[in-house]
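K.L.:
This is the structure, below, for whatever I ask next.
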Amino acid sequence: MPETLKISTHSRSEMIDLTVRIQRAVDASGVKNGAAVAYCPHTTAGLTINENADPSVVSDILETLDKLIPWQAGYKHSEGNAAAHVKASLIGESVTVLVQEGRLMLGTWQAIFFCEFDGPRNRQIIVSVK
Amino acid sequence: MPETLKISTHSRSEMIDLTVRIQRAVDASGVKNGAAVAYCPHTTAGLTINENADPSVVSDILETLDKLIPWQAGYKHSEGNAAAHVKASLIGESVTVLVQEGRLMLGTWQAIFFCEFDGPRNRQIIVSVK
Amino acid sequence: MPETLKISTHSRSEMIDLTVRIQRAVDASGVKNGAAVAYCPHTTAGLTINENADPSVVSDILETLDKLIPWQAGYKHSEGNAAAHVKASLIGESVTVLVQEGRLMLGTWQAIFFCEFDGPRNRQIIVSVK
């Protein structure tokens with residue numbers, strides 16, 4: 001059974017490290033060798049893997065996305081959050097991480113981040129381990 | 001056996017909602033709990049998940065990509081469609097969607113889109129459900 | 001057991017065709033029908049699928065990314081390679097390719113590329129076939 005993680009975001013743009021919670025979902029699954037898929041069921045948010053050691057990596061990613069895809073830029077979408085939709089498609093809605101001996105096979109500097117592009121909101125992520 | 005979906009595109013840039021066809025492939029597979037992988041075997045097209053309720057979301061995505069990656073920009077690729085290749089790598093060539101009780105676990109507003117970046121053409125998508 | 005491919009890069013930005021090596025990992029796995037996941041455990045590199053017939057496609061991709069995400073742009077990350085982190089999140093850290101009759105189901109023009117964004121370095125890719 002896939003597991004659902006609940007997330008509360010507090011800013012318009014924000015990256016939240018979910019690595020520990022996704023590792024717990026791997027533990028709960030009992031899977032020793034396989035893969036974890038984390039899936040974002042939202043259209044103005046996404047998932048990515050990047051560095052969590054220096055928090056300025058996350059702020060550089062979010063600021064660069066803001067420069068490339070400004071919040072206001074003559075978009076047609078009437079809800080006013082078109083930029084968040086574009087960012088979601090560029091970052092992607094899922095990540096797949098291999099699991100070996102019950103551990104996510106992440107690189108030394110890698111963490112799995114939920115990317116909020118239209119917060120603050122209550123969000124969720126679905127995690128399936130097989 | 002993976003299933004092949006045939007697609008005809010009618011513009012240079014276009015997003016086509018494949019959700020119903022991919023759900024049918026899930027139905028035909030008989031898989032109740034697992035995941036569907038949709039794969040684009042082309043290098044100037046891709047797959048993404050985003051909102052289909054307001055069609056202006058799709059046009060905002062395509063126009064923003066055109067602004068970021070203009071069709072003409074001193075590219076070296078002799079076929080003249082370098083912009084489409086760049087967009088394909090940014091959007092990605094596959095999506096993975098979990099399946100539960102025989103249904104794609106898409107969020108309320110999510111649809112799976114084929115992204116044409118160098119049409120019009122005849123294209124195909126491969127869908128595997130396990 | 002996932003297989004590890006070792007890669008040496010020679011420039012700051014570089015795309016290296018891994019298709020033959022990933023097909024060999026599929027051969028070694030003995031899997032006839034399934035999927036290969038290639039995973040990049042680094043935060044300043046990624047994996048993508050694009051054309052390898054004309055090498056100018058690769059140079060156009062790398063140059064367009066450099067224009068969009070310049071190496072110097074007032075980033076805060078103290079290591080000086082923030083641009084590489086942003087590119088990694090946009091390109092993505094994994095690719096999934098279906099396998100049928102023991103062959104990667106790549107399109108005619110598709111190849112799987114390791115994308116170096118902060119080289120030269122020694123890198124690795126993990127390949128799992130199921």
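Labeling convention for the structure tokens: chains A, B, ... as they appear, residues from 1 per chain, ligands from 1 in order of appearance.
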Within 12 Å of chain C, which residues belong to chain B? Use only C-alpha atoms and report them as a PDB file with C-alpha atoms, in the first residue's frame.
P.N.:
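Okay, this is what ended up in part26.pdb:
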ATOM      1  CA  MET B   1       3.470  -6.298 -22.917  1.00  0.00           C
ATOM      2  CA  PRO B   2       3.864  -2.521 -23.195  1.00  0.00           C
ATOM      3  CA  GLU B   3       1.143  -0.804 -25.219  1.00  0.00           C
ATOM      4  CA  THR B   4       1.830   1.778 -27.942  1.00  0.00           C
ATOM      5  CA  ALA B  35       2.603   1.717 -11.415  1.00  0.00           C
ATOM      6  CA  ALA B  36       2.227   2.925 -15.000  1.00  0.00           C
ATOM      7  CA  VAL B  37       5.276   4.204 -16.868  1.00  0.00           C
ATOM      8  CA  ALA B  38       4.562   6.277 -19.989  1.00  0.00           C
ATOM      9  CA  TYR B  39       7.625   6.696 -22.198  1.00  0.00           C
ATOM     10  CA  CYS B  40       8.236   9.037 -25.160  1.00  0.00           C
ATOM     11  CA  PRO B  41      10.674   7.520 -27.718  1.00  0.00           C
ATOM     12  CA  HIS B  42      11.252  10.888 -29.453  1.00  0.00           C
ATOM     13  CA  THR B  43      13.999  13.501 -28.907  1.00  0.00           C
ATOM     14  CA  THR B  44      11.925  16.617 -29.701  1.00  0.00           C
ATOM     15  CA  ALA B  45       8.865  15.797 -27.557  1.00  0.00           C
ATOM     16  CA  GLY B  46       8.211  14.795 -23.956  1.00  0.00           C
ATOM     17  CA  LEU B  65       9.133  27.588 -22.770  1.00  0.00           C
ATOM     18  CA  LYS B  67      10.394  32.665 -24.277  1.00  0.00           C
ATOM     19  CA  LEU B  68      13.116  30.783 -22.387  1.00  0.00           C
ATOM     20  CA  ILE B  69      14.234  28.692 -25.367  1.00  0.00           C
ATOM     21  CA  PRO B  70      13.503  30.667 -28.574  1.00  0.00           C
ATOM     22  CA  TRP B  71      13.197  28.747 -31.851  1.00  0.00           C
ATOM     23  CA  GLN B  72      16.080  30.759 -33.346  1.00  0.00           C
ATOM     24  CA  ALA B  73      19.052  31.549 -31.106  1.00  0.00           C
ATOM     25  CA  GLY B  74      22.271  30.801 -32.966  1.00  0.00           C
ATOM     26  CA  TYR B  75      22.032  27.043 -32.423  1.00  0.00           C
ATOM     27  CA  LYS B  76      24.491  24.757 -34.264  1.00  0.00           C
ATOM     28  CA  HIS B  77      22.195  21.771 -34.919  1.00  0.00           C
ATOM     29  CA  SER B  78      21.687  21.725 -38.682  1.00  0.00           C
ATOM     30  CA  GLU B  79      18.097  20.468 -38.649  1.00  0.00           C
ATOM     31  CA  GLY B  80      16.923  23.768 -37.162  1.00  0.00           C
ATOM     32  CA  ASN B  81      14.982  22.226 -34.274  1.00  0.00           C
ATOM     33  CA  ALA B  82      17.565  22.546 -31.482  1.00  0.00           C
ATOM     34  CA  ALA B  83      15.046  24.399 -29.288  1.00  0.00           C
ATOM     35  CA  ALA B  84      12.785  21.338 -29.377  1.00  0.00           C
ATOM     36  CA  HIS B  85      15.665  19.096 -28.256  1.00  0.00           C
ATOM     37  CA  VAL B  86      16.434  21.402 -25.314  1.00  0.00           C
ATOM     38  CA  LYS B  87      12.766  21.518 -24.245  1.00  0.00           C
ATOM     39  CA  ALA B  88      12.553  17.713 -24.439  1.00  0.00           C
ATOM     40  CA  SER B  89      15.432  17.333 -21.976  1.00  0.00           C
ATOM     41  CA  LEU B  90      13.940  19.904 -19.578  1.00  0.00           C
ATOM     42  CA  ILE B  91      10.419  18.430 -19.598  1.00  0.00           C
ATOM     43  CA  GLY B  92      11.580  14.808 -19.549  1.00  0.00           C
ATOM     44  CA  GLU B  93      10.790  11.718 -21.615  1.00  0.00           C
ATOM     45  CA  SER B  94       8.799   9.695 -19.094  1.00  0.00           C
ATOM     46  CA  VAL B  95       6.282   9.895 -16.271  1.00  0.00           C
ATOM     47  CA  THR B  96       5.578   7.314 -13.576  1.00  0.00           C
ATOM     48  CA  ARG B 123       4.258  10.304 -32.755  1.00  0.00           C
ATOM     49  CA  GLN B 124       3.892   7.439 -30.316  1.00  0.00           C
ATOM     50  CA  ILE B 125       4.038   6.802 -26.588  1.00  0.00           C
ATOM     51  CA  ILE B 126       4.795   3.481 -24.926  1.00  0.00           C
ATOM     52  CA  VAL B 127       2.843   2.561 -21.763  1.00  0.00           C
ATOM     53  CA  SER B 128       3.903  -0.215 -19.412  1.00  0.00           C
ATOM     54  CA  VAL B 129       1.870  -1.165 -16.319  1.00  0.00           C
ATOM     55  CA  LYS B 130       3.243  -3.501 -13.617  1.00  0.00           C
TER      56      LYS B 130
END
K.L.:
Considering only alpha helix (DSSP H) as DSSP defines it on the backbone, what residues of stretch 1-128 of chain C qualify? List them as a ChimeraX atom specification.
P.N.:
/C:19-29,55-68,82-91
K.L.:
Expressed in Å to a single decimal, how great is the separation between atom CA of A:Pro120 and atom CA of A:Leu5?
P.N.:
16.5 Å
K.L.:
Mind listing the strand (DSSP E) residues of stretch 33-108 of chain A, per DSSP on the backbone, as a list in words?
P.N.:
Gly34, Ala35, Ala36, Val37, Ala38, Tyr39, Ala45, Gly46, Leu47, Thr48, Ile49, Asn50, Glu51, Ser94, Val95, Thr96, Val97, Leu98, Val99, Gln100, Arg103 and Leu104 of chain A
K.L.:
Using only all heavy atoms, please write the residues we just selected to a file, as a compact mmCIF listing (two decimals), in the first residue's frame.
P.N.:
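As written to disk, part.txt reads:
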# COMPACT_ATOMS: atom_id res chain seq x y z
N GLY A 34 14.90 -2.84 -3.81
CA GLY A 34 13.87 -2.44 -4.77
C GLY A 34 14.02 -0.96 -5.07
O GLY A 34 15.13 -0.47 -5.26
N ALA A 35 12.88 -0.26 -5.11
CA ALA A 35 12.91 1.17 -5.42
C ALA A 35 11.74 1.86 -4.73
O ALA A 35 10.67 1.27 -4.57
CB ALA A 35 12.84 1.41 -6.92
N ALA A 36 11.98 3.12 -4.34
CA ALA A 36 10.92 3.96 -3.78
C ALA A 36 10.54 4.99 -4.83
O ALA A 36 11.41 5.63 -5.41
CB ALA A 36 11.41 4.67 -2.53
N VAL A 37 9.24 5.12 -5.08
CA VAL A 37 8.73 6.19 -5.93
C VAL A 37 7.99 7.17 -5.03
O VAL A 37 7.07 6.77 -4.31
CB VAL A 37 7.78 5.66 -7.02
CG1 VAL A 37 7.13 6.82 -7.80
CG2 VAL A 37 8.51 4.73 -7.98
N ALA A 38 8.40 8.44 -5.05
CA ALA A 38 7.65 9.49 -4.35
C ALA A 38 6.94 10.29 -5.42
O ALA A 38 7.54 10.67 -6.43
CB ALA A 38 8.58 10.37 -3.53
N TYR A 39 5.65 10.52 -5.20
CA TYR A 39 4.81 11.15 -6.23
C TYR A 39 4.04 12.34 -5.64
O TYR A 39 3.41 12.22 -4.57
CB TYR A 39 3.81 10.12 -6.78
CG TYR A 39 2.95 10.67 -7.89
CD1 TYR A 39 3.43 10.71 -9.20
CD2 TYR A 39 1.69 11.19 -7.64
CE1 TYR A 39 2.67 11.25 -10.21
CE2 TYR A 39 0.93 11.75 -8.65
CZ TYR A 39 1.43 11.77 -9.93
OH TYR A 39 0.68 12.30 -10.95
N ALA A 45 3.37 22.21 -7.57
CA ALA A 45 4.43 21.77 -6.66
C ALA A 45 5.14 20.61 -7.33
O ALA A 45 4.66 20.08 -8.34
CB ALA A 45 3.84 21.35 -5.32
N GLY A 46 6.27 20.20 -6.80
CA GLY A 46 7.00 19.09 -7.41
C GLY A 46 7.94 18.43 -6.42
O GLY A 46 7.90 18.71 -5.21
N LEU A 47 8.78 17.54 -6.92
CA LEU A 47 9.77 16.84 -6.11
C LEU A 47 11.11 16.90 -6.83
O LEU A 47 11.17 16.71 -8.04
CB LEU A 47 9.36 15.37 -5.92
CG LEU A 47 8.23 15.12 -4.93
CD1 LEU A 47 7.66 13.71 -5.16
CD2 LEU A 47 8.70 15.25 -3.49
N THR A 48 12.18 17.11 -6.07
CA THR A 48 13.50 17.06 -6.67
C THR A 48 14.50 16.53 -5.66
O THR A 48 14.19 16.41 -4.47
CB THR A 48 13.95 18.45 -7.19
OG1 THR A 48 15.05 18.28 -8.10
CG2 THR A 48 14.39 19.37 -6.06
N ILE A 49 15.68 16.18 -6.16
CA ILE A 49 16.77 15.70 -5.31
C ILE A 49 17.92 16.68 -5.47
O ILE A 49 18.30 17.02 -6.58
CB ILE A 49 17.18 14.26 -5.73
CG1 ILE A 49 16.03 13.31 -5.39
CG2 ILE A 49 18.47 13.84 -5.06
CD1 ILE A 49 16.23 11.89 -5.85
N ASN A 50 18.44 17.16 -4.35
CA ASN A 50 19.57 18.08 -4.41
C ASN A 50 20.25 18.12 -3.04
O ASN A 50 19.96 17.27 -2.19
CB ASN A 50 19.13 19.48 -4.89
CG ASN A 50 20.18 20.10 -5.81
OD1 ASN A 50 21.33 20.28 -5.43
ND2 ASN A 50 19.78 20.38 -7.04
N GLU A 51 21.14 19.08 -2.85
CA GLU A 51 21.96 19.13 -1.62
C GLU A 51 21.21 19.78 -0.46
O GLU A 51 20.56 20.81 -0.64
CB GLU A 51 23.23 19.95 -1.91
CG GLU A 51 24.11 20.07 -0.66
CD GLU A 51 25.31 20.97 -0.86
OE1 GLU A 51 25.89 20.99 -1.96
OE2 GLU A 51 25.67 21.67 0.12
N SER A 94 7.68 13.51 -9.81
CA SER A 94 8.05 12.29 -9.08
C SER A 94 9.55 12.11 -9.06
O SER A 94 10.27 12.65 -9.90
CB SER A 94 7.39 11.06 -9.71
OG SER A 94 8.05 10.67 -10.89
N VAL A 95 10.02 11.36 -8.07
CA VAL A 95 11.41 10.90 -8.05
C VAL A 95 11.41 9.40 -7.75
O VAL A 95 10.54 8.90 -7.03
CB VAL A 95 12.30 11.64 -7.02
CG1 VAL A 95 12.50 13.09 -7.40
CG2 VAL A 95 11.74 11.53 -5.62
N THR A 96 12.37 8.72 -8.35
CA THR A 96 12.56 7.29 -8.12
C THR A 96 13.95 7.11 -7.50
O THR A 96 14.94 7.60 -8.06
CB THR A 96 12.50 6.51 -9.45
OG1 THR A 96 11.19 6.70 -10.01
CG2 THR A 96 12.75 5.03 -9.25
N VAL A 97 14.00 6.46 -6.34
CA VAL A 97 15.30 6.22 -5.67
C VAL A 97 15.42 4.73 -5.39
O VAL A 97 14.50 4.13 -4.81
CB VAL A 97 15.41 7.03 -4.36
CG1 VAL A 97 16.75 6.79 -3.69
CG2 VAL A 97 15.22 8.52 -4.63
N LEU A 98 16.54 4.13 -5.79
CA LEU A 98 16.75 2.70 -5.54
C LEU A 98 16.92 2.45 -4.04
O LEU A 98 17.35 3.33 -3.29
CB LEU A 98 17.98 2.22 -6.32
CG LEU A 98 17.87 2.44 -7.84
CD1 LEU A 98 19.18 2.11 -8.55
CD2 LEU A 98 16.72 1.62 -8.43
N VAL A 99 16.56 1.24 -3.62
CA VAL A 99 16.66 0.83 -2.21
C VAL A 99 17.53 -0.42 -2.16
O VAL A 99 17.30 -1.37 -2.91
CB VAL A 99 15.25 0.52 -1.64
CG1 VAL A 99 15.35 -0.12 -0.25
CG2 VAL A 99 14.41 1.79 -1.58
N GLN A 100 18.55 -0.39 -1.30
CA GLN A 100 19.40 -1.57 -1.13
C GLN A 100 19.60 -1.83 0.36
O GLN A 100 19.91 -0.90 1.11
CB GLN A 100 20.74 -1.34 -1.84
CG GLN A 100 21.49 -2.65 -2.05
CD GLN A 100 22.69 -2.49 -2.97
OE1 GLN A 100 23.25 -1.41 -3.07
NE2 GLN A 100 23.10 -3.56 -3.62
N ARG A 103 17.89 0.61 2.65
CA ARG A 103 18.26 2.03 2.67
C ARG A 103 18.08 2.67 1.31
O ARG A 103 18.42 2.08 0.28
CB ARG A 103 19.75 2.19 3.07
CG ARG A 103 20.16 1.59 4.38
CD ARG A 103 19.54 2.25 5.58
NE ARG A 103 19.81 3.69 5.65
CZ ARG A 103 19.24 4.51 6.53
NH1 ARG A 103 18.34 4.05 7.41
NH2 ARG A 103 19.52 5.80 6.54
N LEU A 104 17.55 3.90 1.28
CA LEU A 104 17.54 4.70 0.05
C LEU A 104 18.98 4.86 -0.43
O LEU A 104 19.86 5.26 0.35
CB LEU A 104 16.95 6.09 0.33
CG LEU A 104 15.46 6.14 0.67
CD1 LEU A 104 15.10 7.48 1.31
CD2 LEU A 104 14.61 5.89 -0.56
K.L.:
If you count only C-alpha atoms, which residues fall within 10 Å of A:Ser8, apart from same-chain ones fewer than 2 positions away, as a PyMOL selection string?
P.N.:
chain A and resi 6+10-11+16+116+119-124
K.L.:
For the residues in that selection, give me C-alpha atoms as a JSON list (two decimals), in the first residue's frame.
P.N.:
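This is the output file selection_0.json:
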[["chain", "number", "residue", "atom", "x", "y", "z"],
["A", 6, "LYS", "CA", 1.16, 15.26, 4.87],
["A", 10, "HIS", "CA", 4.60, 28.36, 4.88],
["A", 11, "SER", "CA", 5.79, 30.47, 1.92],
["A", 16, "ILE", "CA", 11.18, 20.92, 2.37],
["A", 116, "GLU", "CA", 6.25, 24.30, -3.07],
["A", 119, "GLY", "CA", 2.08, 28.18, -0.98],
["A", 120, "PRO", "CA", 1.35, 28.35, 1.79],
["A", 121, "ARG", "CA", -0.87, 25.26, 1.53],
["A", 122, "ASN", "CA", -1.53, 21.84, 2.97],
["A", 123, "ARG", "CA", -0.02, 19.29, 0.58],
["A", 124, "GLN", "CA", 0.64, 15.57, 0.38]]
K.L.:
Report, in Å with one decimal, the straight-line distance from atom CA of C:Ser29 to atom CA of B:Val31.
P.N.:
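Atom CA of B:Val31 lies 24.4 Å from atom CA of C:Ser29.
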K.L.:
Would you compute the distance between atom CA of B:Phe117 and atom CA of C:Thr19? Give it in Å to one decimal.
P.N.:
23.7 Å
